[in-house]
file coords_8.txt (compact mmCIF, C-alpha atoms)
# COMPACT_ATOMS: atom_id res chain seq x y z
CA MET R 158 -22.71 -4.70 -14.36
CA ALA R 159 -22.25 -1.17 -15.63
CA ARG R 160 -18.74 0.13 -15.52
CA SER R 161 -19.60 2.77 -12.90
CA GLY R 162 -21.24 0.17 -10.67
CA ARG R 163 -18.35 -2.22 -10.98
CA ALA R 164 -15.88 0.54 -10.24
CA TRP R 165 -17.49 1.04 -6.85
CA VAL R 166 -17.36 -2.69 -6.12
CA VAL R 167 -13.68 -2.86 -7.11
CA TRP R 168 -12.93 0.14 -4.90
CA ALA R 169 -14.87 -1.35 -1.98
CA VAL R 170 -12.87 -4.58 -2.10
CA GLY R 171 -9.60 -2.68 -2.41
CA LEU R 172 -10.67 -0.51 0.51
CA SER R 173 -11.44 -3.60 2.59
CA ALA R 174 -7.89 -4.84 1.94
CA TYR R 175 -6.49 -1.54 3.19
CA LEU R 176 -8.83 -1.52 6.21
CA VAL R 177 -7.71 -5.01 7.24
CA GLY R 178 -4.12 -3.95 6.60
CA VAL R 179 -4.53 -1.09 9.08
CA MET R 180 -5.89 -3.62 11.57
CA HIS R 181 -2.75 -5.74 11.12
CA ARG R 182 -0.55 -2.64 11.39
CA SER R 183 -2.15 -1.45 14.65
CA SER R 184 -2.75 -4.86 16.23
CA PHE R 185 0.41 -4.65 18.31
CA GLY R 186 -0.84 -1.45 19.91
CA VAL R 187 -3.36 -3.41 22.01
CA ALA R 188 -1.00 -6.35 22.63
CA GLY R 189 2.08 -4.56 23.95
CA LEU R 190 1.79 -5.58 27.60
CA GLN R 191 0.91 -9.19 26.73
CA ALA R 192 3.87 -9.30 24.34
CA ALA R 193 6.21 -8.04 27.07
CA GLU R 194 5.07 -10.91 29.29
CA ARG R 195 4.92 -13.57 26.57
CA PHE R 196 8.40 -12.87 25.20
CA ASP R 197 9.96 -11.51 28.39
CA ALA R 198 10.76 -8.36 26.41
CA SER R 199 12.25 -5.16 27.79
CA PRO R 200 10.76 -1.82 26.74
CA THR R 201 13.62 -1.34 24.26
CA ALA R 202 13.07 -4.78 22.73
CA LEU R 203 9.32 -4.19 22.63
CA SER R 204 9.78 -0.97 20.69
CA GLY R 205 11.89 -2.97 18.23
CA PHE R 206 8.72 -4.72 17.04
CA VAL R 207 7.16 -1.54 15.77
CA VAL R 208 10.43 0.09 14.72
CA LEU R 209 11.27 -2.72 12.32
CA GLN R 210 7.71 -2.84 11.05
CA LEU R 211 7.71 0.89 10.30
CA LEU R 212 11.24 0.79 8.87
CA VAL R 213 10.29 -1.93 6.41
CA TYR R 214 7.16 0.00 5.46
CA ALA R 215 9.04 3.24 4.87
CA LEU R 216 11.95 1.70 2.96
CA LEU R 217 9.61 -0.14 0.60
CA GLN R 218 7.50 2.85 -0.44
CA VAL R 219 9.51 3.88 -3.49
CA PRO R 220 10.32 0.28 -4.61
CA VAL R 221 6.63 -0.58 -4.31
CA GLY R 222 5.81 2.31 -6.60
CA MET R 223 8.16 0.83 -9.18
CA MET R 224 6.69 -2.67 -8.74
CA LEU R 225 3.23 -1.22 -9.14
CA ASP R 226 4.07 -0.06 -12.66
CA ARG R 227 5.44 -3.48 -13.54
CA PHE R 228 3.04 -5.95 -11.87
CA GLY R 229 -0.19 -4.02 -11.35
CA ALA R 230 -2.31 -3.20 -8.31
CA ARG R 231 -4.23 -6.48 -8.11
CA ARG R 232 -1.10 -8.58 -7.67
CA LEU R 233 0.44 -6.21 -5.14
CA ILE R 234 -2.72 -5.91 -3.00
CA THR R 235 -3.08 -9.71 -3.00
CA ALA R 236 0.56 -10.21 -2.13
CA GLY R 237 0.27 -7.63 0.63
CA ALA R 238 -2.78 -9.30 2.18
CA LEU R 239 -1.15 -12.73 2.10
CA THR R 240 2.12 -11.43 3.51
CA MET R 241 0.38 -9.72 6.42
CA ALA R 242 -1.76 -12.80 7.09
CA THR R 243 1.39 -14.91 7.19
CA GLY R 244 2.97 -12.48 9.63
CA GLN R 245 -0.04 -12.66 11.95
CA LEU R 246 -0.04 -16.45 11.81
CA VAL R 247 3.66 -16.52 12.71
CA MET R 248 2.93 -14.10 15.55
CA ALA R 249 0.14 -16.36 16.82
CA LEU R 250 2.52 -19.30 17.12
CA ALA R 251 5.66 -17.43 18.19
CA THR R 252 7.13 -18.07 21.62
CA GLU R 253 10.57 -16.54 21.04
CA LEU R 254 11.35 -12.86 20.56
CA PRO R 255 13.26 -13.14 17.23
CA VAL R 256 10.37 -15.05 15.64
CA ALA R 257 7.89 -12.45 16.83
CA ILE R 258 10.02 -9.62 15.41
CA ALA R 259 10.21 -11.45 12.07
CA ALA R 260 6.41 -11.65 12.12
CA ARG R 261 6.11 -7.89 12.45
CA VAL R 262 8.58 -7.43 9.60
CA LEU R 263 6.22 -9.46 7.41
CA VAL R 264 3.33 -7.27 8.50
CA GLY R 265 5.29 -4.15 7.61
CA ALA R 266 6.22 -5.53 4.17
CA GLY R 267 2.64 -6.48 3.34
CA ASP R 268 1.36 -3.16 4.64
CA ALA R 269 3.76 -1.30 2.34
CA LEU R 270 2.23 -3.00 -0.71
CA THR R 271 -1.34 -2.01 0.00
CA PHE R 272 -2.18 1.70 0.28
CA ILE R 273 -0.57 3.14 -2.84
CA SER R 274 -1.81 0.11 -4.81
CA VAL R 275 -5.39 0.90 -3.77
CA LEU R 276 -4.82 4.51 -4.83
CA SER R 277 -3.70 3.19 -8.22
CA VAL R 278 -7.00 1.31 -8.56
CA ILE R 279 -8.89 4.54 -7.88
CA GLY R 280 -6.93 6.35 -10.59
CA ALA R 281 -7.65 3.62 -13.14
CA TRP R 282 -11.35 3.14 -12.45
CA PHE R 283 -12.70 6.63 -11.67
CA PRO R 284 -12.79 9.96 -13.52
CA ALA R 285 -10.29 12.59 -12.46
CA ARG R 286 -12.87 14.77 -10.72
CA ARG R 287 -13.61 11.99 -8.21
CA ILE R 288 -10.04 10.91 -7.45
CA PRO R 289 -9.26 13.51 -4.71
CA LEU R 290 -12.44 12.71 -2.78
CA LEU R 291 -11.97 8.96 -3.06
CA THR R 292 -8.35 9.28 -1.97
CA GLN R 293 -9.50 11.09 1.16
CA LEU R 294 -12.25 8.51 1.76
CA THR R 295 -9.83 5.63 1.34
CA GLY R 296 -7.44 7.03 3.91
CA LEU R 297 -10.32 7.93 6.21
CA LEU R 298 -12.32 4.69 6.06
CA GLY R 299 -9.19 2.56 6.16
CA GLN R 300 -8.40 3.92 9.60
CA PHE R 301 -11.45 2.11 10.94
CA GLY R 302 -9.16 -0.90 10.86
CA GLN R 303 -7.82 0.47 14.14
CA ILE R 304 -11.25 -0.22 15.62
CA LEU R 305 -10.97 -3.86 14.53
CA SER R 306 -7.76 -4.11 16.54
CA ALA R 307 -8.96 -1.99 19.47
CA VAL R 308 -12.29 -3.80 19.97
CA PRO R 309 -12.72 -7.35 18.59
CA LEU R 310 -9.03 -8.21 18.50
CA ALA R 311 -8.52 -6.80 21.98
CA ALA R 312 -11.53 -8.80 23.19
CA LEU R 313 -9.97 -11.97 21.81
CA LEU R 314 -6.62 -11.13 23.43
CA TYR R 315 -8.16 -10.61 26.85
CA GLY R 316 -10.59 -13.52 26.39
CA PRO R 317 -9.51 -16.65 24.49
CA GLY R 318 -5.92 -15.43 24.45
CA TRP R 319 -2.93 -14.62 22.28
CA THR R 320 -3.00 -17.46 19.74
CA PRO R 321 -6.76 -17.36 18.90
CA ALA R 322 -6.59 -13.59 18.49
CA PHE R 323 -3.75 -13.57 15.97
CA VAL R 324 -5.00 -16.68 14.14
CA SER R 325 -8.31 -14.86 13.66
CA ALA R 326 -6.48 -11.84 12.28
CA ALA R 327 -4.58 -14.09 9.85
CA ALA R 328 -7.83 -15.72 8.70
CA LEU R 329 -9.39 -12.32 8.00
CA GLY R 330 -6.34 -11.38 5.93
CA LEU R 331 -6.65 -14.57 3.89
CA ALA R 332 -10.34 -13.86 3.24
CA VAL R 333 -9.51 -10.39 1.97
CA ALA R 334 -6.82 -11.78 -0.37
CA ILE R 335 -9.36 -14.17 -1.89
CA ALA R 336 -11.82 -11.31 -2.40
CA VAL R 337 -9.16 -9.21 -4.14
CA VAL R 338 -8.29 -12.03 -6.54
CA ALA R 339 -11.97 -12.55 -7.36
CA VAL R 340 -13.04 -8.93 -7.82
CA VAL R 341 -10.21 -6.41 -8.29
CA ARG R 342 -8.79 -5.70 -11.73
CA ASP R 343 -6.03 -3.25 -12.54
CA ARG R 344 -8.17 -1.32 -15.01
CA PRO R 345 -11.58 -1.54 -16.72
CA ASP R 346 -12.03 -3.82 -19.73
CA GLY R 347 -10.92 -2.08 -22.88
CA ALA R 348 -8.78 0.50 -21.11
CA PRO R 349 -5.35 1.02 -22.65
CA PRO R 350 -2.48 -0.73 -20.85
CA PRO R 351 -0.10 1.46 -18.83
CA ALA R 352 3.10 2.74 -20.35
CA ARG R 353 6.12 0.48 -20.07
CA GLY R 354 8.28 0.98 -17.01
CA ALA R 355 11.15 3.39 -17.31
CA PRO R 356 14.73 2.09 -17.44
CA PRO R 357 16.78 2.23 -14.21
CA ARG R 358 18.62 5.42 -15.20
CA GLU R 359 15.34 7.29 -15.74
CA ILE R 360 13.94 5.92 -12.46
CA LEU R 361 16.92 7.27 -10.53
CA HIS R 362 16.64 10.59 -12.33
CA GLY R 363 12.95 10.76 -11.38
CA LEU R 364 13.75 10.05 -7.74
CA ARG R 365 16.34 12.81 -7.69
CA SER R 366 14.09 15.28 -9.48
CA ALA R 367 11.16 14.55 -7.16
CA TRP R 368 13.25 15.11 -4.03
CA LEU R 369 14.87 18.28 -5.39
CA GLU R 370 11.40 19.74 -5.95
CA PRO R 371 10.79 21.91 -2.84
CA GLY R 372 7.09 21.08 -2.93
CA THR R 373 7.92 17.40 -2.44
CA ARG R 374 10.05 18.20 0.59
CA LEU R 375 7.27 20.43 1.89
CA GLY R 376 4.95 17.43 1.68
CA PHE R 377 7.56 15.17 3.28
CA TYR R 378 8.00 17.38 6.35
CA THR R 379 4.25 17.96 6.57
CA HIS R 380 3.58 14.22 6.64
CA MET R 381 6.40 13.68 9.13
CA GLY R 382 5.40 16.35 11.64
CA THR R 383 1.66 15.70 11.66
CA GLN R 384 1.54 11.92 11.68
CA PHE R 385 4.17 10.45 13.99
CA SER R 386 2.75 11.26 17.42
CA GLY R 387 -0.63 9.65 16.81
CA THR R 388 0.99 6.71 15.03
CA VAL R 389 3.34 5.91 17.92
CA PHE R 390 0.48 6.30 20.39
CA ALA R 391 -1.85 3.98 18.46
CA LEU R 392 0.67 1.39 17.27
CA LEU R 393 2.61 0.73 20.46
CA TRP R 394 2.87 3.02 23.44
CA GLY R 395 -0.65 4.43 23.88
CA VAL R 396 -2.26 1.51 25.71
CA PRO R 397 0.75 0.78 28.00
CA TYR R 398 1.02 4.51 28.77
CA LEU R 399 -2.64 4.80 29.77
CA VAL R 400 -2.66 1.54 31.75
CA VAL R 401 0.65 1.93 33.60
CA GLY R 402 1.04 5.69 33.54
CA HIS R 403 -2.50 6.70 34.44
CA GLY R 404 -4.19 3.63 35.91
CA TRP R 405 -6.68 3.02 33.11
CA SER R 406 -8.10 -0.42 32.46
CA ALA R 407 -7.01 -2.16 29.27
CA SER R 408 -10.54 -1.97 27.85
CA ALA R 409 -10.80 1.75 28.56
CA ALA R 410 -7.41 2.36 26.94
CA SER R 411 -8.47 0.40 23.85
CA GLY R 412 -11.66 2.44 23.76
CA LEU R 413 -9.63 5.63 23.60
CA LEU R 414 -7.92 4.30 20.48
CA THR R 415 -11.38 3.89 18.98
CA LEU R 416 -12.05 7.55 19.77
CA LEU R 417 -8.97 8.48 17.74
CA VAL R 418 -10.51 6.87 14.68
CA ILE R 419 -13.96 8.38 15.16
CA VAL R 420 -12.71 11.93 15.63
CA GLY R 421 -10.33 11.47 12.71
CA ALA R 422 -13.30 10.47 10.56
CA VAL R 423 -14.93 13.80 11.37
CA ALA R 424 -11.75 15.83 10.94
CA ALA R 425 -10.69 14.36 7.59
CA PRO R 426 -13.41 15.88 5.36
CA VAL R 427 -13.08 19.21 7.18
CA LEU R 428 -9.34 19.39 6.53
CA GLY R 429 -9.89 18.15 2.98
CA GLU R 430 -12.36 20.97 2.30
CA LEU R 431 -10.05 23.56 3.84
CA THR R 432 -7.18 22.27 1.70
CA ALA R 433 -9.30 22.47 -1.47
CA ARG R 434 -10.66 25.95 -0.73
CA HIS R 435 -7.43 27.51 0.52
CA PRO R 436 -4.54 25.86 -1.36
CA THR R 437 -2.18 28.72 -0.53
CA ARG R 438 -2.81 28.12 3.19
CA ARG R 439 -2.09 24.39 3.24
CA SER R 440 1.21 24.81 5.04
CA TRP R 441 -0.54 26.77 7.80
CA ILE R 442 -2.94 23.87 8.27
CA ALA R 443 0.03 21.54 8.78
CA ILE R 444 1.75 23.97 11.14
CA GLY R 445 -1.48 24.35 13.12
CA VAL R 446 -1.81 20.57 13.53
CA ILE R 447 1.81 20.21 14.70
CA VAL R 448 1.62 23.08 17.18
CA SER R 449 -1.73 21.87 18.56
CA THR R 450 -0.29 18.39 19.11
CA ALA R 451 2.74 19.77 20.93
CA VAL R 452 0.54 21.98 23.14
CA ALA R 453 -1.75 19.05 24.03
CA TRP R 454 1.19 16.85 25.01
CA THR R 455 2.71 19.67 27.05
CA ALA R 456 -0.52 20.05 29.02
CA VAL R 457 -0.56 16.31 29.78
CA LEU R 458 3.13 15.98 30.67
CA LEU R 459 3.12 18.97 33.00
CA VAL R 460 0.45 17.34 35.18
CA PRO R 461 1.79 14.79 37.69
CA PRO R 462 0.32 11.38 36.81
CA PRO R 463 -2.38 10.23 36.84
CA ALA R 464 -3.72 13.03 34.66
CA PRO R 465 -7.46 13.79 34.66
CA HIS R 466 -9.47 11.63 32.27
CA TRP R 467 -10.79 14.66 30.42
CA LEU R 468 -7.25 15.85 29.68
CA LEU R 469 -6.23 12.48 28.22
CA VAL R 470 -9.40 12.40 26.12
CA ALA R 471 -8.54 15.89 24.86
CA LEU R 472 -5.07 14.63 23.94
CA ALA R 473 -6.63 11.77 21.97
CA VAL R 474 -8.88 14.21 20.11
CA VAL R 475 -5.89 16.33 19.08
CA LEU R 476 -3.85 13.27 18.08
CA SER R 477 -6.70 12.09 15.86
CA ILE R 478 -6.28 15.16 13.66
CA GLY R 479 -2.71 14.21 12.81
CA GLY R 480 -3.70 11.48 10.35
CA PRO R 481 -5.97 13.72 8.22
CA GLY R 482 -3.38 16.47 8.56
CA SER R 483 -0.71 14.24 7.04
CA VAL R 484 -2.83 13.84 3.88
CA VAL R 485 -2.07 17.49 3.12
CA GLY R 486 1.46 16.30 2.35
CA PHE R 487 0.16 14.18 -0.54
CA ASP R 488 -1.56 17.26 -1.96
CA PHE R 489 1.78 19.06 -2.07
CA ALA R 490 3.27 16.11 -3.97
CA ARG R 491 0.39 16.18 -6.44
CA THR R 492 0.41 19.89 -7.20
CA PHE R 493 4.16 20.51 -7.32
CA ASN R 494 5.15 17.55 -9.53
CA PRO R 495 4.34 16.66 -13.15
CA ASP R 496 2.20 13.61 -13.83
CA HIS R 497 5.07 11.32 -14.78
CA ARG R 498 6.70 11.49 -11.35
CA GLN R 499 3.74 11.94 -9.01
CA GLY R 500 3.89 8.31 -7.90
CA THR R 501 7.52 8.72 -6.91
CA ALA R 502 6.77 11.98 -5.11
CA VAL R 503 3.88 10.41 -3.19
CA GLY R 504 6.15 7.54 -2.16
CA ILE R 505 8.75 9.99 -0.85
CA VAL R 506 6.14 11.95 1.09
CA ASN R 507 4.62 8.79 2.55
CA GLN R 508 7.96 7.88 4.12
CA GLY R 509 8.17 11.00 6.26
CA GLY R 510 5.72 10.17 9.01
CA PHE R 511 6.84 6.57 9.26
CA TYR R 512 10.53 7.41 9.60
CA ALA R 513 9.66 9.81 12.43
CA SER R 514 7.35 7.23 14.01
CA LEU R 515 9.99 4.51 14.11
CA LEU R 516 12.56 6.93 15.52
CA VAL R 517 10.23 8.08 18.30
CA ALA R 518 8.92 4.57 19.06
CA LEU R 519 12.45 3.24 19.48
CA THR R 520 13.65 6.19 21.53
CA VAL R 521 10.65 6.03 23.88
CA GLY R 522 11.43 2.35 24.53
CA MET R 523 15.10 3.08 25.13
CA LEU R 524 14.34 5.91 27.54
CA ILE R 525 11.92 3.76 29.50
CA GLY R 526 14.45 0.95 29.63
CA HIS R 527 17.23 3.23 30.90
CA SER R 528 15.25 5.30 33.39
CA GLY R 529 15.33 4.33 37.03
CA SER R 530 14.50 0.64 37.45
CA GLY R 531 14.18 0.10 33.69
CA GLU R 532 10.52 -0.82 34.10
CA TYR R 533 7.23 0.68 33.02
CA THR R 534 6.42 3.44 35.51
CA PRO R 535 4.39 6.64 35.24
CA GLU R 536 7.53 8.74 35.58
CA SER R 537 9.50 6.76 32.96
CA PHE R 538 6.72 7.32 30.43
CA ARG R 539 6.56 10.99 31.34
CA ILE R 540 10.25 11.40 30.61
CA ALA R 541 10.21 9.29 27.44
CA TRP R 542 7.47 11.25 25.68
CA VAL R 543 9.66 14.37 25.77
CA VAL R 544 11.60 12.93 22.80
CA GLN R 545 8.83 14.23 20.53
CA TYR R 546 9.78 17.88 20.94
CA PRO R 547 13.02 17.82 18.87
CA VAL R 548 11.13 16.07 16.06
CA TRP R 549 8.42 18.74 16.05
CA ALA R 550 11.08 21.45 15.99
CA ALA R 551 12.91 19.80 13.08
CA THR R 552 9.77 19.32 11.00
CA LEU R 553 8.52 22.86 11.58
CA THR R 554 11.91 24.13 10.42
CA GLY R 555 11.76 21.87 7.37
CA ILE R 556 8.27 23.09 6.48
CA LEU R 557 9.24 26.76 6.73
CA VAL R 558 12.43 26.34 4.68
CA ALA R 559 10.79 24.18 1.99
CA ARG R 560 7.78 26.50 1.79
CA ARG R 561 10.00 29.50 1.11
CA LYS R 562 11.86 27.65 -1.64
CA ALA R 563 8.64 26.30 -3.15
CA ARG R 564 7.15 29.78 -3.33
CA ARG R 565 10.29 31.11 -5.01
CA ARG R 566 10.26 28.33 -7.58
CA ALA R 567 6.54 28.83 -8.28
CA ALA R 568 7.12 32.54 -8.78
CA ALA R 569 10.00 31.82 -11.18
CA ARG R 570 7.77 29.45 -13.18
CA ARG R 571 5.04 32.05 -13.46
CA SER R 572 7.50 34.69 -14.69
CA SER R 573 9.14 32.41 -17.30
CA PRO R 574 7.01 31.42 -20.30
CA GLN R 575 9.56 28.75 -21.23
CA VAL R 576 8.95 26.83 -17.95
CA ALA R 577 5.65 25.06 -17.40
CA PRO R 578 4.07 26.25 -14.15
CA ALA R 579 3.32 23.85 -11.32
CA ALA R 580 -0.26 22.59 -11.16
call {"tool": "encode", "arguments": {"input": "coords_8.txt", "output": "structure tokens"}}
result
Amino acid sequence: MARSGRAWVVWAVGLSAYLVGVMHRSSFGVAGLQAAERFDASPTALSGFVVLQLLVYALLQVPVGMMLDRFGARRLITAGALTMATGQLVMALATELPVAIAARVLVGAGDALTFISVLSVIGAWFPARRIPLLTQLTGLLGQFGQILSAVPLAALLYGPGWTPAFVSAAALGLAVAIAVVAVVRDRPDGAPPPARGAPPREILHGLRSAWLEPGTRLGFYTHMGTQFSGTVFALLWGVPYLVVGHGWSASAASGLLTLLVIVGAVAAPVLGELTARHPTRRSWIAIGVIVSTAVAWTAVLLVPPPAPHWLLVALAVVLSIGGPGSVVGFDFARTFNPDHRQGTAVGIVNQGGFYASLLVALTVGMLIGHSGSGEYTPESFRIAWVVQYPVWAATLTGILVARRKARRRAAARRSSPQVAPAA
């Protein structure tokens, strides 16, 4: 097989691993109510499932980048697929809350190994001119894993039941791991091996330098502010909110999660083209996404439940733009950092949205648990979602402050011939 043809096959298998990983990540979003019944879990305890999963994912981003340099993408993608499959198998058999939480921790750990490893495969197998497009496509197509959880997995949950559904998810993860071992290679035959990993002191220096770069922080706050609302909605609280808060059926609520993916698939190339054509307006794209999300939620929360179906569909459409909007943060990391620390910068940026997501997911659960009767009610959900507004305010402030500093530093680089300008 010609190198170009094999590159596409390698990418397709890596993409399938990420797609299945997104299915594992979002599988709890359609199982929240069943989990509450199965484990007799309060809203606060239920939010702990996703909080720990997201915390593990976020904390592992930078260490995974270091492991990627040492062990290669093929090993990490395989390990990630097997770890997530193990977590789903444990979840299938779990009858106690601590065991179920441990299962989601495994899912979060395996998920953390996957995405940036697939991006590493793209960088090794494709010419530079194709890398930005394939990065966008990987993030875009991988989100169709949410459809696997919202449709077939949900059908298994509401049909055969809890154990067959999660055993099936584990089996799919095992199949993907086998495919990765058989097909994926870290680099084409004959390509030079990567440089040796840096010593610990240089790694710590790179971490510090990447964070002190205002462009990295601009990407971090962009990723944080655009991503968290849709993530919390899809991963945990969306289906319970629609079912309990607005009287939707479980199948209709799962269908709305599918709409999030479809609209996101349309929005991603549009935002990618806008980012490429107007690089000096990238921060305004992020601000626009954040403000639009806040306005959509305000419109829904001001209406006494149940809200009209069209308004909830409109909310889902706006939330779907958050995922593609968060990719703008990676572009800041790429253009404001030199090549030798771009992996570290991307890892830092990728933590932003997940830290915000775990904070909001946990707080929503706590507010539901401490409001009124401590049960799922339309009014308890309505109060709990208000926790998003301080996060939006903080991220908008972070974007504006980091943008001003990034522009000053870029201007200083342009005026000083001794300092290499940012890309």
call {"tool": "atom_distance", "arguments": {"input": "coords_8.txt", "atom1": "CA of His527 (chain R)", "atom2": "CA of Gly387 (chain R)"}}
result
23.6 Å
call {"tool": "closest_residue", "arguments": {"input": "coords_8.txt", "among": "R:Gly372, R:Gly229, R:Pro465, R:Gly479", "to": "Val506 (chain R)", "atoms": "only C-alpha atoms"}}
result
R:Gly372
call {"tool": "atom_distance", "arguments": {"input": "coords_8.txt", "atom1": "CA of Met224 (chain R)", "atom2": "CA of Trp282 (chain R)"}}
result
19.3 Å
call {"tool": "residues_around", "arguments": {"input": "coords_8.txt", "residues": "region 398-408 of chain R", "least_positions_apart": "5", "cutoff": "12 Å", "atoms": "only C-alpha atoms", "output": "ChimeraX atom specification"}}
result
/R:186-191,200,306-316,389-393,413-415,457-458,460-466,468-470,472-473,521-522,525,532-542
call {"tool": "closest_residue", "arguments": {"input": "coords_8.txt", "among": "R:Phe185, R:Phe489, R:Phe272, R:Phe301", "to": "Ala260 (chain R)", "atoms": "all atoms listed in the file"}}
result
R:Phe185
call {"tool": "closest_residue", "arguments": {"input": "coords_8.txt", "among": "R:Pro436, R:Gly504, R:Gly412, R:Gly162", "to": "Ile304 (chain R)", "atoms": "only C-alpha atoms"}}
result
R:Gly412
call {"tool": "axis_aligned_box", "arguments": {"input": "coords_8.txt", "around": "region 490-506 of chain R", "padding_each_side": "5 Å", "output": "lines of an AutoDock Vina configuration file"}}
result
center_x = 4.6
center_y = 14.0
center_z = -6.8
size_x = 18.4
size_y = 23.0
size_z = 25.9
call {"tool": "closest_residue", "arguments": {"input": "coords_8.txt", "among": "R:Ala569, R:Ala326, R:Ile556, R:Leu298", "to": "Pro481 (chain R)", "atoms": "all atoms listed in the file"}}
result
R:Leu298
call {"tool": "atom_distance", "arguments": {"input": "coords_8.txt", "atom1": "CA of Ala285 (chain R)", "atom2": "CA of Arg571 (chain R)"}}
result
24.8 Å
call {"tool": "closest_residue", "arguments": {"input": "coords_8.txt", "among": "R:His362, R:Arg344, R:His380, R:Arg439", "to": "Ser483 (chain R)", "atoms": "only C-alpha atoms"}}
result
R:His380
call {"tool": "closest_residue", "arguments": {"input": "coords_8.txt", "among": "R:Ala567, R:Ala502, R:Ala198, R:Met180", "to": "Leu254 (chain R)", "atoms": "all atoms listed in the file"}}
result
R:Ala198
call {"tool": "residues_around", "arguments": {"input": "coords_8.txt", "residues": "Thr432 (chain R)", "least_positions_apart": "2", "cutoff": "12 Å", "atoms": "all atoms listed in the file", "output": "VMD selection string"}}
result
chain R and resid 289 to 290 293 425 to 430 434 to 443 481 to 489 492
call {"tool": "residues_around", "arguments": {"input": "coords_8.txt", "residues": "Arg566 (chain R)", "least_positions_apart": "3", "cutoff": "10 Å", "atoms": "all atoms listed in the file", "output": "count of residues only"}}
result
14
call {"tool": "residues_around", "arguments": {"input": "coords_8.txt", "residues": "Gln300 (chain R)", "least_positions_apart": "2", "cutoff": "12 Å", "atoms": "only C-alpha atoms", "output": "PDB file with C-alpha atoms, keeping the file's coordinate frame"}}
result
ATOM      1  CA  LEU R 172     -10.670  -0.510   0.510  1.00  0.00           C
ATOM      2  CA  SER R 173     -11.440  -3.600   2.590  1.00  0.00           C
ATOM      3  CA  ALA R 174      -7.890  -4.840   1.940  1.00  0.00           C
ATOM      4  CA  TYR R 175      -6.490  -1.540   3.190  1.00  0.00           C
ATOM      5  CA  LEU R 176      -8.830  -1.520   6.210  1.00  0.00           C
ATOM      6  CA  VAL R 177      -7.710  -5.010   7.240  1.00  0.00           C
ATOM      7  CA  GLY R 178      -4.120  -3.950   6.600  1.00  0.00           C
ATOM      8  CA  VAL R 179      -4.530  -1.090   9.080  1.00  0.00           C
ATOM      9  CA  MET R 180      -5.890  -3.620  11.570  1.00  0.00           C
ATOM     10  CA  HIS R 181      -2.750  -5.740  11.120  1.00  0.00           C
ATOM     11  CA  ARG R 182      -0.550  -2.640  11.390  1.00  0.00           C
ATOM     12  CA  SER R 183      -2.150  -1.450  14.650  1.00  0.00           C
ATOM     13  CA  PHE R 272      -2.180   1.700   0.280  1.00  0.00           C
ATOM     14  CA  GLN R 293      -9.500  11.090   1.160  1.00  0.00           C
ATOM     15  CA  LEU R 294     -12.250   8.510   1.760  1.00  0.00           C
ATOM     16  CA  THR R 295      -9.830   5.630   1.340  1.00  0.00           C
ATOM     17  CA  GLY R 296      -7.440   7.030   3.910  1.00  0.00           C
ATOM     18  CA  LEU R 297     -10.320   7.930   6.210  1.00  0.00           C
ATOM     19  CA  LEU R 298     -12.320   4.690   6.060  1.00  0.00           C
ATOM     20  CA  GLY R 302      -9.160  -0.900  10.860  1.00  0.00           C
ATOM     21  CA  GLN R 303      -7.820   0.470  14.140  1.00  0.00           C
ATOM     22  CA  ILE R 304     -11.250  -0.220  15.620  1.00  0.00           C
ATOM     23  CA  LEU R 305     -10.970  -3.860  14.530  1.00  0.00           C
ATOM     24  CA  SER R 306      -7.760  -4.110  16.540  1.00  0.00           C
ATOM     25  CA  ALA R 307      -8.960  -1.990  19.470  1.00  0.00           C
ATOM     26  CA  THR R 388       0.990   6.710  15.030  1.00  0.00           C
ATOM     27  CA  ALA R 391      -1.850   3.980  18.460  1.00  0.00           C
ATOM     28  CA  LEU R 414      -7.920   4.300  20.480  1.00  0.00           C
ATOM     29  CA  THR R 415     -11.380   3.890  18.980  1.00  0.00           C
ATOM     30  CA  LEU R 416     -12.050   7.550  19.770  1.00  0.00           C
ATOM     31  CA  LEU R 417      -8.970   8.480  17.740  1.00  0.00           C
ATOM     32  CA  VAL R 418     -10.510   6.870  14.680  1.00  0.00           C
ATOM     33  CA  ILE R 419     -13.960   8.380  15.160  1.00  0.00           C
ATOM     34  CA  VAL R 420     -12.710  11.930  15.630  1.00  0.00           C
ATOM     35  CA  GLY R 421     -10.330  11.470  12.710  1.00  0.00           C
ATOM     36  CA  ALA R 422     -13.300  10.470  10.560  1.00  0.00           C
ATOM     37  CA  VAL R 423     -14.930  13.800  11.370  1.00  0.00           C
ATOM     38  CA  ALA R 425     -10.690  14.360   7.590  1.00  0.00           C
ATOM     39  CA  SER R 477      -6.700  12.090  15.860  1.00  0.00           C
ATOM     40  CA  GLY R 480      -3.700  11.480  10.350  1.00  0.00           C
ATOM     41  CA  PRO R 481      -5.970  13.720   8.220  1.00  0.00           C
TER      42      PRO R 481
END
